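Single-structure report; data block below.
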Amino acid sequence: MPIPIEDLWSLVPEFWLAALGLLLVLLDLFLPGDRKRLVGWAAVVGLLLVLMPILGMLGTPARTVFFNTYAVDGFAVFFKIIAVVATILVILSTMDALRGHTSFEGEMYVLLTFAALGVCLMAASADLILLALSIEFVSLSSYVMAGYFKSDLRSNEAGIKYFLFGAASSAVMIYGFSILYGLTGETNLYAIADRVRTAPQPALVLAVGMALAGLGFKVSMVPFHQWTPDVYEGAPTPVAAFLAVASKAAGFAALVRFLMVAIEPGPVDWVAPIAGLSAVSMTLGNLLALPQRNIKRMLAYSSISHAGFLLMGVAAHRGDFGAPGLLIYLLAYTFTNLGAFFVAIAVGGRLGSDEIPSYAGLAQRSAGLAAVMALFMLSLTGIPPTGGFLGKFYIFGAAVNNGLLWLAVVAVINSVVALYYYVNVIRVMYLLPAPSGGSASGPVPLRLALGVAALGTLVIGIFPQPFVTLVGAAAMLLRM
Amino acid sequence: MGTLAAFFILSAVTLIPAVVVVTSKNIVRSALALVPTFFGITGLYILLRAEFVAGIQVLIYAGAITVLILFVIMLTEGGTGIRIRQVNEQVPVGALASAVLAALLIWVFLRTPWPQGPGALPEYTAAQIGTTLLSSMVLVFEVTSLVLLISLIGAIIIARRER
């Protein structure tokens with residue numbers, strides 16, 4: 001069985017990313033210690049170039065390649081765009097955040113590039129074996145990155161904690177996959193979809209539940225969320241941004257493909273438990289975010305609550321709003337949340353503190369930084385004209401459309417609660433006096449990343465039409 | 001009947017040392033207790049007519065992995081590892097959670113009418129595994145090499161001293 005040559009062409013982005021990663025390893029080897037930033041710029045250029053083949057695949061018909069193990073469809077392309085854009089921005093923000101903390105600067109860019117490849121693989125895997133492997137791919141690089149600052153005890157703790165939780169939940173998930181294989185005799189998601197109708201009952205529910213444990217860990221869904229605040233707080237801030245955005249997006253891609261392709265045709269009712277977990281996630285995340293004083297912990301709990309909102313889009317997948325809503329929410333969340341973390345990097349780098357009270361008077365010290373932070377906080381709350389509003393609008397519409405009115409009500413109440421802790425940051429920045437002088441603007445690459453994030457957040461909110469078309473195409477192609 | 005007896009004996013060989021692994025106070029003893037566990041699993045593979053996987057299991061797990069774990073203990077803990085506390089005050093909670101999970105799994109497995117039927121085994125599984133790895137699983141095979149590469153890079157970053 002030779003592999004058709006067209007199959008190789010559909011994997012150009014993945015080959016490119018793998019080659020880029022290997023090239024960066026070599027480049028890192030030959031560059032002297034003080035020029036390691038060139039590795040980062042090479043990574044940014046390489047990732048910008050890989051956007052071309054990815055965007056070129058937007059219009060191609062959905063199909064699976066490599067003996068049905070790999071899906072080439074709009075859904076995967078959408079997540080590849082998110083992965084590459086998020087990784088570019090994270091690399092830009094990393095450039096100054098690492099100085100003085102580690103002597104392994106070049107390797108960080110290598111790991112981030114390979115992690116982007118892992119995210120692409122996760123989004124497109126159509127086989128349980130490849131899916132499990134690509135989840136491990138992203139996880140292994142994330143464990144190392146979370147514990148990157150070896151002289152910082154909190155970073156050590158983040159790395160170890162993330163590793164232990166990740167290893168345990170992966171084990172449960174892979175056990176679930178093996179039960180699913182035992183029930184259907186297939187590892188391919190599309191082949192499982194054919195057999196799942198006749199799969200024997202109690203074990204099938206158990207297999208789906210165990211698989212959800214592993215995928216739920218990746219998206220920090222309650223009750224698999226406990227690692228989130230400690231890891232985000234301890235990990236280097238750019239890594240926390242990567243985990244909160246790219247890793248979470250990949251988790252949702254895998255979750256949606258697994259549930260909608262393989263499990264949806266079967267008898268298991270997964271919508272009710274997902275809706276329940278969605279309500280619990282957004283409520284618990286919000287309530288625990290309220291008393292936080294550390295900006296990274298606050299963003300961690302807020303990311304748990306956003307996982308709840310995104311799960312609402314998964315539960316309300318029927319109709320015209322659910323899947324597109326999930327995708328557009330994820331797109332807006334990508335730019336907004338990255339931006340919030342970038343402000344934390346800028347302030348943390350200048351003031352050496354991640355505590356919210358040290359943001360006091362940021363508006364006087366650095367008006368631009370305070371303004372974009374205010375924008376990100378409003379977008380995370382979901383206030384127009386930001387991208388966050390558009391995402392929430394779609395997802396709420398989908399919930400009502402799918403008869404999940406109770407969930408929409410819970411979500412609205414949660415949005416109001418979230419307003420309190422997001423607006424609190426704006427209040428501290430604008431209304432409290434600055435304790436001392438000194439501006440707090442970041443270095444050039446970080447400001448570039450911040451600008452792109454702010455622009456993305458605004459453009460999605462003000463000119464939504466191209467993005468709505470994009471996610472519409474991405475969501476349609478999933479149902480092949 | 002003979003197969004069933006073999007299965008139960010092999011399961012006991014797998015499970016009893018596994019309990020020693022997690023309960024022993026001496027981490028070297030835990031590491032060594034992994035060896036009979038791995039051999040028990042090897043026996044289960046042979047029972048399932050997967051000779052090639054069984055051979056690999058002996059070579060990699062019973063051989064390499066155990067030796068690797070022993071080396072790690074010796075390099076980090078002065079050769080004995082007796083000072084490491086393997087358990088903390090959460091043991092009862094963990095034991096309870098495992099017991100509940102085990103009971104749930106057993107209950108579900110006993111109640112499920114598993115699909116059964118005669119299957120055809122290939123004559124020589126090693127050849128079949130090789131063909132599968134380089135045809136339908138070729139992408140998985142190649143991605144595995146990348147996963148191993150980043151694991152190596154990551155391990156070096158973690159283990160190497162900061163300059």
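Naming scheme: A, B, ... for chains in displayed order of the structure tokens; residues 1 onward per chain; ligands 1 onward as shown.
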
May I have a table of the residues of chain B lying at most 9 Å from chain A, giving each one's closest pair of atoms and their distance in Å to one decimal, counting only C-alpha atoms, ordered by chain and ascending residue number, as CSV?
residue,atom,partner,partner_atom,distance
B:Leu105,CA,A:Leu206,CA,8.1
B:Val108,CA,A:Ala203,CA,5.8
B:Phe109,CA,A:Ala203,CA,6.4
B:Arg111,CA,A:Pro202,CA,7.1
B:Thr112,CA,A:Pro202,CA,6.0
B:Pro113,CA,A:Pro200,CA,6.0
B:Trp114,CA,A:Pro200,CA,6.6
B:Pro115,CA,A:Leu183,CA,6.6
B:Ser135,CA,A:Met1,CA,6.7
B:Ser136,CA,A:Phe67,CA,5.3
B:Met137,CA,A:Thr69,CA,7.7
B:Val138,CA,A:Phe66,CA,7.6
B:Leu139,CA,A:Phe66,CA,6.9
B:Val140,CA,A:Leu130,CA,5.5
B:Val143,CA,A:Leu133,CA,7.8
B:Thr144,CA,A:Leu133,CA,7.2
B:Leu146,CA,A:Ala18,CA,8.0
B:Val147,CA,A:Phe137,CA,5.5
B:Leu148,CA,A:Phe137,CA,8.9
B:Ile150,CA,A:Ser141,CA,6.7
B:Ser151,CA,A:Leu140,CA,6.6
B:Ile153,CA,A:Glu107,CA,7.8
B:Gly154,CA,A:Val144,CA,5.7
B:Ala155,CA,A:Val144,CA,7.9
B:Ile157,CA,A:Phe104,CA,7.2
B:Ile158,CA,A:Val144,CA,7.1
B:Arg161,CA,A:Lys150,CA,9.0
B:Glu162,CA,A:Ser103,CA,6.1
B:Arg163,CA,A:Ser103,CA,6.3

Considering only C-alpha atoms, tabulate each residue of segment 335-400 of chain A that lies at most 7 Å from segment 309-329 of chain A along with its nearest interatomic pair and the corresponding distance in Å to one decimal; arrange the rows by chain and ascending residue number and present them as a tab-separated table.
residue	atom	partner	partner_atom	distance
A:Gly388	CA	A:Tyr329	CA	6.7
A:Gly391	CA	A:Tyr329	CA	3.9
A:Lys392	CA	A:Tyr329	CA	6.6
A:Tyr394	CA	A:Gly325	CA	4.7
A:Ile395	CA	A:Gly325	CA	5.0
A:Gly397	CA	A:Phe321	CA	6.7
A:Ala398	CA	A:Phe321	CA	4.7
A:Ala399	CA	A:Ala316	CA	5.2

Same residues, N, CA, C and O atoms, output as a short mmCIF file (atom, residue, chain, number, x, y, z; two decimals), in the first residue's frame:
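Output contents, as saved in part32.cif:
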data_model
loop_
_atom_site.label_atom_id
_atom_site.label_comp_id
_atom_site.auth_asym_id
_atom_site.auth_seq_id
_atom_site.Cartn_x
_atom_site.Cartn_y
_atom_site.Cartn_z
N GLY A 388 -14.72 39.33 22.70
CA GLY A 388 -15.33 38.48 23.72
C GLY A 388 -16.84 38.53 23.69
O GLY A 388 -17.52 37.53 23.93
N GLY A 391 -18.21 36.26 20.85
CA GLY A 391 -18.15 34.85 21.23
C GLY A 391 -19.27 34.50 22.19
O GLY A 391 -19.98 33.50 22.01
N LYS A 392 -19.45 35.34 23.23
CA LYS A 392 -20.50 35.05 24.21
C LYS A 392 -21.87 35.09 23.55
O LYS A 392 -22.72 34.24 23.81
N TYR A 394 -22.75 34.39 20.45
CA TYR A 394 -22.98 33.17 19.69
C TYR A 394 -23.27 31.99 20.61
O TYR A 394 -24.18 31.20 20.38
N ILE A 395 -22.46 31.86 21.68
CA ILE A 395 -22.60 30.68 22.53
C ILE A 395 -23.91 30.71 23.30
O ILE A 395 -24.59 29.69 23.43
N GLY A 397 -26.62 32.21 22.29
CA GLY A 397 -27.64 31.91 21.29
C GLY A 397 -27.74 30.42 21.05
O GLY A 397 -28.84 29.86 20.96
N ALA A 398 -26.58 29.75 20.96
CA ALA A 398 -26.57 28.31 20.71
C ALA A 398 -27.25 27.57 21.85
O ALA A 398 -28.03 26.64 21.62
N ALA A 399 -26.97 27.99 23.10
CA ALA A 399 -27.55 27.29 24.26
C ALA A 399 -29.07 27.41 24.23
O ALA A 399 -29.79 26.42 24.42
#

Selection: 12 Å around Met298 of chain A, only C-alpha atoms, excl. self and same-chain fewer than 5 positions, as a ChimeraX atom specification:
/A:228-230,232-233,285-293,303-305,337,340-341,344,354-356,377,418,420-422,424-425

Could those selected residues go to a file with N, CA and C atoms, as a compact mmCIF listing (two decimals), in the first residue's frame?
# COMPACT_ATOMS: atom_id res chain seq x y z
N THR A 228 -4.47 23.95 37.59
CA THR A 228 -4.39 25.19 36.82
C THR A 228 -3.78 26.37 37.57
N PRO A 229 -4.35 26.78 38.75
CA PRO A 229 -3.79 27.99 39.37
C PRO A 229 -2.33 27.85 39.77
N ASP A 230 -1.95 26.73 40.35
CA ASP A 230 -0.56 26.57 40.79
C ASP A 230 0.40 26.56 39.61
N TYR A 232 -0.11 27.88 36.50
CA TYR A 232 -0.05 29.20 35.85
C TYR A 232 0.76 30.17 36.69
N GLU A 233 0.60 30.09 38.02
CA GLU A 233 1.31 31.04 38.88
C GLU A 233 2.81 30.75 38.88
N GLY A 285 -14.99 28.35 38.76
CA GLY A 285 -13.87 29.18 38.32
C GLY A 285 -14.09 30.63 38.70
N ASN A 286 -15.30 31.12 38.49
CA ASN A 286 -15.61 32.52 38.80
C ASN A 286 -15.54 32.79 40.29
N LEU A 287 -16.15 31.92 41.09
CA LEU A 287 -16.20 32.16 42.54
C LEU A 287 -14.79 32.14 43.12
N LEU A 288 -13.94 31.24 42.62
CA LEU A 288 -12.58 31.17 43.15
C LEU A 288 -11.72 32.31 42.61
N ALA A 289 -12.10 32.89 41.46
CA ALA A 289 -11.32 34.02 40.93
C ALA A 289 -11.56 35.28 41.75
N LEU A 290 -12.73 35.38 42.37
CA LEU A 290 -13.09 36.62 43.09
C LEU A 290 -12.05 37.04 44.13
N PRO A 291 -11.61 36.18 45.04
CA PRO A 291 -10.69 36.67 46.09
C PRO A 291 -9.22 36.74 45.68
N GLN A 292 -8.87 36.42 44.42
CA GLN A 292 -7.45 36.33 44.06
C GLN A 292 -6.79 37.71 44.04
N ARG A 293 -5.54 37.74 44.55
CA ARG A 293 -4.77 38.98 44.52
C ARG A 293 -3.65 38.90 43.50
N SER A 303 -9.58 31.30 33.45
CA SER A 303 -9.50 30.38 32.31
C SER A 303 -10.32 29.12 32.58
N ILE A 304 -10.44 28.72 33.87
CA ILE A 304 -11.34 27.60 34.19
C ILE A 304 -12.78 27.98 33.85
N SER A 305 -13.15 29.21 34.20
CA SER A 305 -14.52 29.61 33.94
C SER A 305 -14.76 29.76 32.43
N ASN A 337 -6.88 36.65 25.90
CA ASN A 337 -6.18 36.08 27.04
C ASN A 337 -4.67 36.19 26.87
N ALA A 340 -3.83 39.66 27.93
CA ALA A 340 -3.84 39.85 29.38
C ALA A 340 -2.55 39.30 30.00
N PHE A 341 -2.12 38.14 29.52
CA PHE A 341 -0.87 37.58 30.05
C PHE A 341 0.33 38.44 29.65
N ALA A 344 0.69 41.17 31.95
CA ALA A 344 1.28 40.65 33.18
C ALA A 344 2.79 40.49 33.03
N ASP A 354 3.56 40.16 40.53
CA ASP A 354 2.35 39.79 39.82
C ASP A 354 1.11 40.08 40.65
N GLU A 355 1.26 40.80 41.75
CA GLU A 355 0.11 41.08 42.61
C GLU A 355 -0.74 42.19 41.99
N ILE A 356 -2.06 42.02 42.08
CA ILE A 356 -2.94 43.03 41.48
C ILE A 356 -2.76 44.42 42.13
N MET A 377 -9.64 43.13 29.69
CA MET A 377 -10.54 42.78 30.79
C MET A 377 -12.00 42.89 30.33
N ALA A 418 -18.35 37.71 36.91
CA ALA A 418 -17.00 37.90 36.37
C ALA A 418 -16.68 39.37 36.20
N TYR A 420 -17.12 41.64 38.15
CA TYR A 420 -16.57 42.21 39.38
C TYR A 420 -15.05 42.12 39.39
N TYR A 421 -14.51 40.92 39.16
CA TYR A 421 -13.06 40.82 39.31
C TYR A 421 -12.30 41.34 38.10
N TYR A 422 -12.94 41.34 36.92
CA TYR A 422 -12.24 41.95 35.78
C TYR A 422 -12.20 43.47 35.92
N ASN A 424 -12.39 45.12 38.59
CA ASN A 424 -11.53 45.47 39.72
C ASN A 424 -10.12 45.82 39.24
N VAL A 425 -9.61 45.06 38.26
CA VAL A 425 -8.27 45.35 37.72
C VAL A 425 -8.26 46.74 37.10

With a distance cut-off of 12 Å and only C-alpha atoms, select the neighbouring residues of Leu4 of chain B, excluding the residue or stretch itself and same-chain residues fewer than 3 positions from it, and output the selection as a list in words.
Met1, Phe7, Phe8, Ile9, Leu10, Ser11, Leu44, Leu47 and Leu48 of chain B

Using DSSP on the backbone coordinates, identify all residues within segment 439-473 of chain A classified as alpha helix (DSSP H); present the result as a PyMOL selection string.
chain A and resi 444-462+465-473

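Residues lying within 12 Å of Pro385 of chain A, counting only C-alpha atoms and ignoring same-chain neighbours fewer than 5 positions away, are A:Ala332, A:Leu375, A:Phe376, A:Leu378, A:Ser379, A:Leu380, A:Leu390, A:Gly391, A:Lys392, A:Phe393, A:Thr457, A:Leu458, A:Val459, A:Ile460, A:Gly461, A:Ile462, A:Phe463, A:Pro464.
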
Extract, using only C-alpha atoms, all DNA, RNA and protein residues at most 12 Å from Pro32 of chain A, discarding same-chain residues fewer than 5 positions from it, and format them as a PyMOL selection string.
chain A and resi 27+37-39+103-106

Tell me, as a PDB file with N, CA and C atoms, in the first residue's frame, which residues lie within 10 Å of Pro36 of chain B, counting only C-alpha atoms; anything in the same chain fewer than 2 positions away does not count.
ATOM      1  N   LEU B  10      -0.750 -15.870  36.296  1.00  0.00           N
ATOM      2  CA  LEU B  10       0.003 -14.742  35.763  1.00  0.00           C
ATOM      3  C   LEU B  10      -0.505 -13.416  36.340  1.00  0.00           C
ATOM      4  N   VAL B  13       0.961 -13.047  39.686  1.00  0.00           N
ATOM      5  CA  VAL B  13       2.379 -12.682  39.560  1.00  0.00           C
ATOM      6  C   VAL B  13       2.510 -11.204  39.204  1.00  0.00           C
ATOM      7  N   THR B  14       1.545 -10.675  38.461  1.00  0.00           N
ATOM      8  CA  THR B  14       1.605  -9.266  38.076  1.00  0.00           C
ATOM      9  C   THR B  14       1.193  -8.355  39.225  1.00  0.00           C
ATOM     10  N   LEU B  15       0.099  -8.739  39.898  1.00  0.00           N
ATOM     11  CA  LEU B  15      -0.525  -7.802  40.837  1.00  0.00           C
ATOM     12  C   LEU B  15       0.158  -7.763  42.197  1.00  0.00           C
ATOM     13  N   ILE B  16       0.569  -8.929  42.731  1.00  0.00           N
ATOM     14  CA  ILE B  16       1.115  -8.938  44.093  1.00  0.00           C
ATOM     15  C   ILE B  16       2.397  -8.101  44.194  1.00  0.00           C
ATOM     16  N   PRO B  17       3.385  -8.276  43.267  1.00  0.00           N
ATOM     17  CA  PRO B  17       4.545  -7.371  43.334  1.00  0.00           C
ATOM     18  C   PRO B  17       4.163  -5.906  43.082  1.00  0.00           C
ATOM     19  N   ALA B  18       3.101  -5.668  42.307  1.00  0.00           N
ATOM     20  CA  ALA B  18       2.687  -4.285  42.044  1.00  0.00           C
ATOM     21  C   ALA B  18       2.265  -3.603  43.339  1.00  0.00           C
ATOM     22  N   LEU B  32      12.852  -3.034  42.353  1.00  0.00           N
ATOM     23  CA  LEU B  32      13.086  -4.441  42.020  1.00  0.00           C
ATOM     24  C   LEU B  32      11.784  -5.228  41.923  1.00  0.00           C
ATOM     25  N   ALA B  33      10.775  -4.803  42.692  1.00  0.00           N
ATOM     26  CA  ALA B  33       9.493  -5.503  42.626  1.00  0.00           C
ATOM     27  C   ALA B  33       8.812  -5.298  41.283  1.00  0.00           C
ATOM     28  N   LEU B  34       9.263  -4.280  40.529  1.00  0.00           N
ATOM     29  CA  LEU B  34       8.693  -4.090  39.192  1.00  0.00           C
ATOM     30  C   LEU B  34       9.039  -5.263  38.277  1.00  0.00           C
ATOM     31  N   PHE B  38       6.588  -6.996  35.542  1.00  0.00           N
ATOM     32  CA  PHE B  38       6.808  -6.964  34.099  1.00  0.00           C
ATOM     33  C   PHE B  38       6.826  -8.375  33.519  1.00  0.00           C
ATOM     34  N   PHE B  39       7.390  -9.335  34.268  1.00  0.00           N
ATOM     35  CA  PHE B  39       7.402 -10.709  33.763  1.00  0.00           C
ATOM     36  C   PHE B  39       5.991 -11.288  33.708  1.00  0.00           C
ATOM     37  N   GLY B  40       5.159 -10.934  34.705  1.00  0.00           N
ATOM     38  CA  GLY B  40       3.766 -11.389  34.677  1.00  0.00           C
ATOM     39  C   GLY B  40       3.057 -10.877  33.435  1.00  0.00           C
ATOM     40  N   ILE B  41       3.300  -9.599  33.100  1.00  0.00           N
ATOM     41  CA  ILE B  41       2.673  -9.027  31.901  1.00  0.00           C
ATOM     42  C   ILE B  41       3.209  -9.733  30.657  1.00  0.00           C
ATOM     43  N   THR B  42       4.512 -10.057  30.668  1.00  0.00           N
ATOM     44  CA  THR B  42       5.089 -10.810  29.550  1.00  0.00           C
ATOM     45  C   THR B  42       4.335 -12.122  29.351  1.00  0.00           C
ATOM     46  N   ALA B  62      11.476  -5.141  31.665  1.00  0.00           N
ATOM     47  CA  ALA B  62      12.151  -5.894  32.727  1.00  0.00           C
ATOM     48  C   ALA B  62      13.640  -5.614  32.723  1.00  0.00           C
TER      49      ALA B  62
END

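Coordinates place atom CA of Val87 of chain B at a distance of 26.8 Å from atom CA of Ser220 of chain A.
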
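Atom CA of Gly442 of chain A sits 12.8 Å away from atom CA of Leu362 of chain A.
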